[in-house]
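Colleague: Sharing coords26.cif (mmCIF, C-alpha atoms) below.
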data_run
loop_
_atom_site.label_atom_id
_atom_site.label_comp_id
_atom_site.auth_asym_id
_atom_site.auth_seq_id
_atom_site.Cartn_x
_atom_site.Cartn_y
_atom_site.Cartn_z
CA MET A 1404 17.31 1.84 -21.27
CA ASP A 1405 14.78 1.73 -24.13
CA PHE A 1406 12.74 -0.95 -22.35
CA TYR A 1407 12.44 0.86 -19.03
CA GLY A 1408 12.15 4.23 -20.72
CA SER A 1409 9.06 3.08 -22.59
CA LEU A 1410 7.69 1.35 -19.48
CA MET A 1411 8.08 4.21 -17.02
CA GLY A 1412 8.10 7.18 -19.34
CA ASP A 1413 10.66 9.87 -19.91
CA ARG A 1414 11.30 13.19 -18.22
CA VAL A 1415 8.26 15.46 -18.16
CA ARG A 1416 9.03 19.03 -19.14
CA SER A 1417 5.79 20.44 -17.78
CA ILE A 1418 3.89 19.06 -14.80
CA GLN A 1419 0.17 19.63 -14.51
CA HIS A 1420 -0.97 21.49 -11.43
CA ILE A 1421 -3.04 19.72 -8.79
CA ASP A 1422 -6.77 20.16 -9.25
CA VAL A 1423 -7.44 21.98 -5.97
CA ALA A 1424 -11.21 21.92 -6.43
CA ALA A 1425 -11.22 18.14 -6.86
CA MET A 1426 -8.94 17.69 -3.84
CA ARG A 1427 -11.23 19.77 -1.63
CA GLU A 1428 -14.19 17.56 -2.47
CA GLY A 1429 -12.50 14.64 -0.69
CA ILE A 1430 -11.42 14.09 2.89
CA GLN A 1431 -8.74 16.52 4.04
CA LEU A 1432 -6.21 16.60 6.83
CA ASP A 1433 -6.96 18.75 9.85
CA MET A 1434 -4.62 21.45 11.11
CA ASP A 1435 -2.98 19.22 13.73
CA GLN A 1436 -2.16 16.61 11.09
CA LYS A 1437 -0.74 19.25 8.75
CA HIS A 1438 1.40 20.64 11.55
CA PHE A 1439 2.63 17.14 12.39
CA LEU A 1440 3.71 16.50 8.78
CA THR A 1441 5.59 19.81 8.49
CA SER A 1442 7.10 19.99 11.98
CA HIS A 1443 10.87 19.98 12.49
CA ILE A 1444 12.64 16.64 12.09
CA ILE A 1445 14.08 15.45 15.39
CA VAL A 1446 17.16 13.29 15.94
CA LYS A 1447 15.06 10.38 17.22
CA GLU A 1448 13.25 10.16 13.85
CA ILE A 1449 16.55 9.99 11.96
CA GLU A 1450 17.99 7.34 14.26
CA SER A 1451 14.78 5.32 14.12
CA ALA A 1452 14.79 5.45 10.31
CA LEU A 1453 18.39 4.24 10.16
CA LYS A 1454 17.67 1.46 12.66
CA ASP A 1455 14.73 0.33 10.51
CA ILE A 1456 16.98 -0.23 7.46
CA GLY A 1457 18.28 -3.79 7.25
CA ASP A 1458 22.05 -4.22 7.52
CA ASN A 1459 22.21 -6.39 4.41
CA LYS A 1460 19.97 -4.27 2.19
CA SER A 1461 21.50 -3.26 -1.14
CA SER A 1462 24.01 -0.44 -0.82
CA GLY A 1463 23.98 2.75 -2.83
CA ILE A 1464 26.33 3.84 -5.57
CA ASP A 1465 28.86 4.80 -2.89
CA GLY A 1466 29.00 1.18 -1.66
CA PHE A 1467 28.01 2.07 1.92
CA ASN A 1468 25.20 0.10 3.55
CA ALA A 1469 23.24 0.66 6.74
CA LYS A 1470 25.56 -1.54 8.79
CA LEU A 1471 28.47 0.82 8.22
CA PHE A 1472 26.41 3.85 9.26
CA LYS A 1473 25.20 2.10 12.42
CA HIS A 1474 28.72 0.95 13.33
CA CYS A 1475 30.20 4.40 12.77
CA TRP A 1476 27.25 6.37 14.10
CA HIS A 1477 29.24 7.78 17.03
CA PHE A 1478 31.28 10.01 14.71
CA MET A 1479 29.01 10.18 11.61
CA LYS A 1480 25.92 11.21 13.57
CA VAL A 1481 26.33 14.98 13.34
CA ASN A 1482 27.01 15.04 9.60
CA VAL A 1483 24.11 12.74 8.80
CA ILE A 1484 21.69 14.78 10.90
CA VAL A 1485 22.80 18.01 9.25
CA ALA A 1486 22.48 16.52 5.75
CA VAL A 1487 19.02 15.08 6.37
CA ASN A 1488 17.73 18.27 7.98
CA GLU A 1489 19.09 20.26 5.06
CA PHE A 1490 16.74 18.41 2.72
CA PHE A 1491 13.68 18.96 4.91
CA ARG A 1492 14.60 22.62 5.39
CA THR A 1493 15.28 23.47 1.74
CA GLY A 1494 13.31 20.81 -0.14
CA VAL A 1495 16.38 20.17 -2.30
CA ILE A 1496 18.35 16.92 -2.18
CA ARG A 1497 22.00 16.78 -3.16
CA LYS A 1498 22.72 14.99 -6.43
CA ASN A 1499 25.16 12.58 -4.79
CA PHE A 1500 22.41 11.45 -2.39
CA ASN A 1501 19.87 11.01 -5.17
CA LYS A 1502 21.96 8.75 -7.42
CA ILE A 1503 20.75 5.17 -7.77
CA VAL A 1504 22.54 2.12 -9.16
CA VAL A 1505 20.22 -0.41 -10.80
CA THR A 1506 21.04 -4.12 -10.89
CA LEU A 1507 19.10 -6.73 -12.87
CA ILE A 1508 18.36 -9.96 -11.00
CA PRO A 1509 17.13 -12.99 -13.03
CA LYS A 1510 13.71 -14.24 -11.95
CA GLY A 1511 14.57 -17.82 -12.93
CA ASP A 1512 17.37 -20.07 -14.11
CA HIS A 1513 16.72 -19.49 -17.80
CA ALA A 1514 16.37 -15.71 -18.04
CA LYS A 1515 16.75 -14.55 -21.64
CA SER A 1516 14.65 -11.43 -22.25
CA ILE A 1517 14.54 -8.23 -20.21
CA ASN A 1518 11.13 -9.30 -18.86
CA ASP A 1519 12.85 -12.23 -17.14
CA PHE A 1520 14.81 -9.90 -14.87
CA ARG A 1521 13.74 -7.95 -11.82
CA HIS A 1522 15.43 -4.62 -11.32
CA ILE A 1523 16.72 -3.78 -7.86
CA ALA A 1524 17.73 -0.22 -7.07
CA GLY A 1525 20.61 0.49 -4.73
CA CYS A 1526 19.79 3.79 -3.04
CA THR A 1527 22.08 5.78 -0.78
CA ILE A 1528 21.47 5.57 2.95
CA PHE A 1529 20.59 9.27 2.98
CA LEU A 1530 17.78 8.69 0.48
CA LYS A 1531 16.53 5.68 2.45
CA ILE A 1532 16.51 7.65 5.71
CA ILE A 1533 14.59 10.51 4.13
CA SER A 1534 12.00 8.17 2.61
CA LYS A 1535 11.67 6.28 5.91
CA ILE A 1536 10.97 9.51 7.80
CA LEU A 1537 8.36 10.60 5.25
CA THR A 1538 6.74 7.16 5.31
CA ALA A 1539 6.67 7.06 9.12
CA ARG A 1540 4.96 10.44 9.34
CA MET A 1541 2.41 9.72 6.62
CA ARG A 1542 1.58 6.41 8.32
CA PHE A 1543 -0.16 8.34 11.10
CA VAL A 1544 -2.36 10.52 8.89
CA LEU A 1545 -3.16 8.40 5.82
CA PRO A 1546 -5.80 6.20 7.50
CA SER A 1547 -7.99 9.27 8.00
CA VAL A 1548 -8.06 10.13 4.27
CA ILE A 1549 -8.08 6.66 2.67
CA ASN A 1550 -11.54 5.47 1.72
CA LYS A 1551 -12.75 2.19 3.19
CA ASN A 1552 -13.15 0.68 -0.28
CA GLN A 1553 -9.37 0.82 -0.80
CA ALA A 1554 -8.32 -2.70 0.15
CA ALA A 1555 -5.07 -3.37 -1.72
CA PHE A 1556 -1.77 -2.55 0.01
CA VAL A 1557 -3.50 -1.35 3.18
CA ALA A 1558 -2.73 -3.09 6.45
CA GLY A 1559 -5.83 -4.58 8.01
CA GLN A 1560 -7.63 -4.69 4.66
CA ASP A 1561 -7.79 -7.77 2.45
CA ILE A 1562 -7.75 -7.53 -1.34
CA HIS A 1563 -9.56 -10.87 -1.49
CA ASN A 1564 -12.68 -9.10 -0.27
CA HIS A 1565 -12.79 -7.28 -3.58
CA ILE A 1566 -12.41 -10.53 -5.47
CA HIS A 1567 -15.49 -11.90 -3.70
CA LEU A 1568 -17.35 -8.65 -4.36
CA ALA A 1569 -16.48 -8.77 -8.06
CA TYR A 1570 -17.70 -12.37 -8.21
CA GLU A 1571 -21.04 -11.42 -6.69
CA LEU A 1572 -21.44 -8.48 -9.08
CA LEU A 1573 -20.71 -10.65 -12.10
CA LYS A 1574 -23.56 -12.96 -11.20
CA GLY A 1575 -26.08 -10.36 -12.29
CA TYR A 1576 -24.28 -9.03 -15.35
CA ASP A 1577 -26.17 -11.29 -17.73
CA ARG A 1578 -29.51 -9.77 -16.79
CA LYS A 1579 -31.01 -7.69 -19.58
CA LYS A 1580 -32.92 -5.36 -17.29
CA GLY A 1581 -31.33 -2.89 -14.96
CA THR A 1582 -28.99 0.09 -15.11
CA PRO A 1583 -26.12 0.26 -17.64
CA ARG A 1584 -22.95 -1.29 -16.29
CA CYS A 1585 -19.42 -2.15 -17.26
CA MET A 1586 -16.36 -3.79 -15.78
CA PHE A 1587 -12.72 -3.47 -16.75
CA GLN A 1588 -9.49 -5.11 -15.68
CA ILE A 1589 -6.45 -2.98 -14.88
CA ASN A 1590 -2.97 -4.19 -15.75
CA LEU A 1591 -0.82 -3.79 -12.63
CA GLN A 1592 2.45 -4.68 -14.36
CA LYS A 1593 3.65 -1.08 -14.51
CA ALA A 1594 2.65 -0.45 -10.91
CA TYR A 1595 4.74 -3.38 -9.68
CA ASP A 1596 7.66 -2.76 -12.05
CA MET A 1597 7.85 0.91 -11.11
CA GLY A 1598 7.40 0.22 -7.42
CA SER A 1599 10.20 -2.33 -7.24
CA ILE A 1600 12.77 0.18 -8.41
CA GLY A 1601 12.61 1.92 -5.08
CA ASP A 1602 13.60 -0.83 -2.69
CA TYR A 1603 14.21 1.78 -0.02
CA TYR A 1604 10.49 1.41 0.82
CA GLU A 1605 11.37 -2.12 1.92
CA GLY A 1606 7.82 -3.41 2.01
CA ASP A 1607 6.29 -0.48 3.87
CA ARG A 1608 2.51 -0.65 3.83
CA ILE A 1609 -0.06 1.98 4.59
CA PRO A 1610 -1.51 1.25 8.05
#
Reformat the file's structure so that it appears as structure tokens.
Modeller:
Amino acid sequence: MDFYGSLMGDRVRSIQHIDVAAMREGIQLDMDQKHFLTSHIIVKEIESALKDIGDNKSSGIDGFNAKLFKHCWHFMKVNVIVAVNEFFRTGVIRKNFNKIVVTLIPKGDHAKSINDFRHIAGCTIFLKIISKILTARMRFVLPSVINKNQAAFVAGQDIHNHIHLAYELLKGYDRKKGTPRCMFQINLQKAYDMGSIGDYYEGDRIP
């Protein structure tokens, strides 16, 4: 608990507001895109999200995986649809749906320290369905607001292009003349460690 608490941070009592002025300086969604994101959730979206969850993915704290929901969909369908729509209507998710069980998986045969384990989060099917729906909708609008220089984790873009670009830039860094410049390396450990806790994304990438 101490290790992951220091890595990911603790509960924030006050959240800073979004800088609206800064957001307006960038690319924004048009009205049709905004309407698409906030439109009513239809049954087909819920069923598609459930179908997209692998049968053998880790189950939630209730022990139920996607295979059970698919097998029993003929009589669970109504309750699941009501529960999912309740979240999108109210913006509040029930505590039982939002509980996650975390399991530590050793990265190798001789795992000793906490760094030698990868944490896998078992989310409830309801939470996975909700995240799948949100991801599916954002997939259609994100390409219009993501800058072309964003290469990592974007389908169709290659992070290796940035490696080549960095190599070319470094060639001229030893020149004494020219404009001031600097280069810094970002540690992505926290990004990967925090991202892996939500395995309900299941490798989704921005299109």
Colleague: Which residues, protein or nucleic acid, reach to within 10 Å of (13.2, 2.6, 8.2) in the file's coordinates when using only C-alpha atoms, and can you give that as a PDB file with C-alpha atoms, keeping the file's coordinate frame?
Modeller:
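Generated output (point-v4.pdb):
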ATOM      1  CA  GLU A1448      13.250  10.160  13.850  1.00  0.00           C
ATOM      2  CA  ILE A1449      16.550   9.990  11.960  1.00  0.00           C
ATOM      3  CA  GLU A1450      17.990   7.340  14.260  1.00  0.00           C
ATOM      4  CA  SER A1451      14.780   5.320  14.120  1.00  0.00           C
ATOM      5  CA  ALA A1452      14.790   5.450  10.310  1.00  0.00           C
ATOM      6  CA  LEU A1453      18.390   4.240  10.160  1.00  0.00           C
ATOM      7  CA  LYS A1454      17.670   1.460  12.660  1.00  0.00           C
ATOM      8  CA  ASP A1455      14.730   0.330  10.510  1.00  0.00           C
ATOM      9  CA  ILE A1456      16.980  -0.230   7.460  1.00  0.00           C
ATOM     10  CA  GLY A1457      18.280  -3.790   7.250  1.00  0.00           C
ATOM     11  CA  LYS A1531      16.530   5.680   2.450  1.00  0.00           C
ATOM     12  CA  ILE A1532      16.510   7.650   5.710  1.00  0.00           C
ATOM     13  CA  ILE A1533      14.590  10.510   4.130  1.00  0.00           C
ATOM     14  CA  SER A1534      12.000   8.170   2.610  1.00  0.00           C
ATOM     15  CA  LYS A1535      11.670   6.280   5.910  1.00  0.00           C
ATOM     16  CA  ILE A1536      10.970   9.510   7.800  1.00  0.00           C
ATOM     17  CA  LEU A1537       8.360  10.600   5.250  1.00  0.00           C
ATOM     18  CA  THR A1538       6.740   7.160   5.310  1.00  0.00           C
ATOM     19  CA  ALA A1539       6.670   7.060   9.120  1.00  0.00           C
ATOM     20  CA  TYR A1603      14.210   1.780  -0.020  1.00  0.00           C
ATOM     21  CA  TYR A1604      10.490   1.410   0.820  1.00  0.00           C
ATOM     22  CA  GLU A1605      11.370  -2.120   1.920  1.00  0.00           C
ATOM     23  CA  ASP A1607       6.290  -0.480   3.870  1.00  0.00           C
TER      24      ASP A1607
END
Colleague: Enter the distance from atom CA of A:Gln1588 to atom CA of A:Ala1569, in Å, rounded to one decimal.
Modeller: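 Answer for the atom CA of A:Gln1588 to atom CA of A:Ala1569 separation: 11.0 Å.
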Colleague: Box for stretch 1553-1567 of chain A - axis-aligned, 5 Å on each of the six sides, all listed atoms - centre and size in Å to one decimal, as lines of an AutoDock Vina configuration file.
Modeller:
center_x = -8.6
center_y = -5.5
center_z = 1.3
size_x = 23.7
size_y = 22.7
size_z = 23.5
Colleague: If the PyMOL selection byres ((chain A and resi 1509) around 8) is run on the structure shown, which residues does it catch, given as a PyMOL selection string?
Modeller: chain A and resi 1507-1508+1510-1512+1514+1519-1521
Colleague: Could you work out how far atom CA of A:Ala1558 lies from atom CA of A:Cys1585, giving the answer in Å with one decimal?
Modeller: 29.0 Å
Colleague: Would you compute the distance between atom CA of A:Ile1566 and atom CA of A:Asn1550? Give it in Å to one decimal.
Modeller: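 Taking atom CA of A:Ile1566 as the start and atom CA of A:Asn1550 as the end point, the length is 17.6 Å.
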Colleague: For A:Val1487, please output as an NGL selection string all residues within 9 Å (counting only C-alpha atoms; exclusion window: fewer than 4 positions along the same chain).
Modeller: :A and (1444 or 1449 or 1482-1483 or 1491-1492 or 1496 or 1529-1530 or 1532-1533)
Colleague: Please produce a file of the residues just selected, as a tab-separated table (two decimals), in the frame of the given file, where the atoms kept are C-alpha atoms.
Modeller:
chain	number	residue	atom	x	y	z
A	1444	ILE	CA	12.64	16.64	12.09
A	1449	ILE	CA	16.55	9.99	11.96
A	1482	ASN	CA	27.01	15.04	9.60
A	1483	VAL	CA	24.11	12.74	8.80
A	1491	PHE	CA	13.68	18.96	4.91
A	1492	ARG	CA	14.60	22.62	5.39
A	1496	ILE	CA	18.35	16.92	-2.18
A	1529	PHE	CA	20.59	9.27	2.98
A	1530	LEU	CA	17.78	8.69	0.48
A	1532	ILE	CA	16.51	7.65	5.71
A	1533	ILE	CA	14.59	10.51	4.13
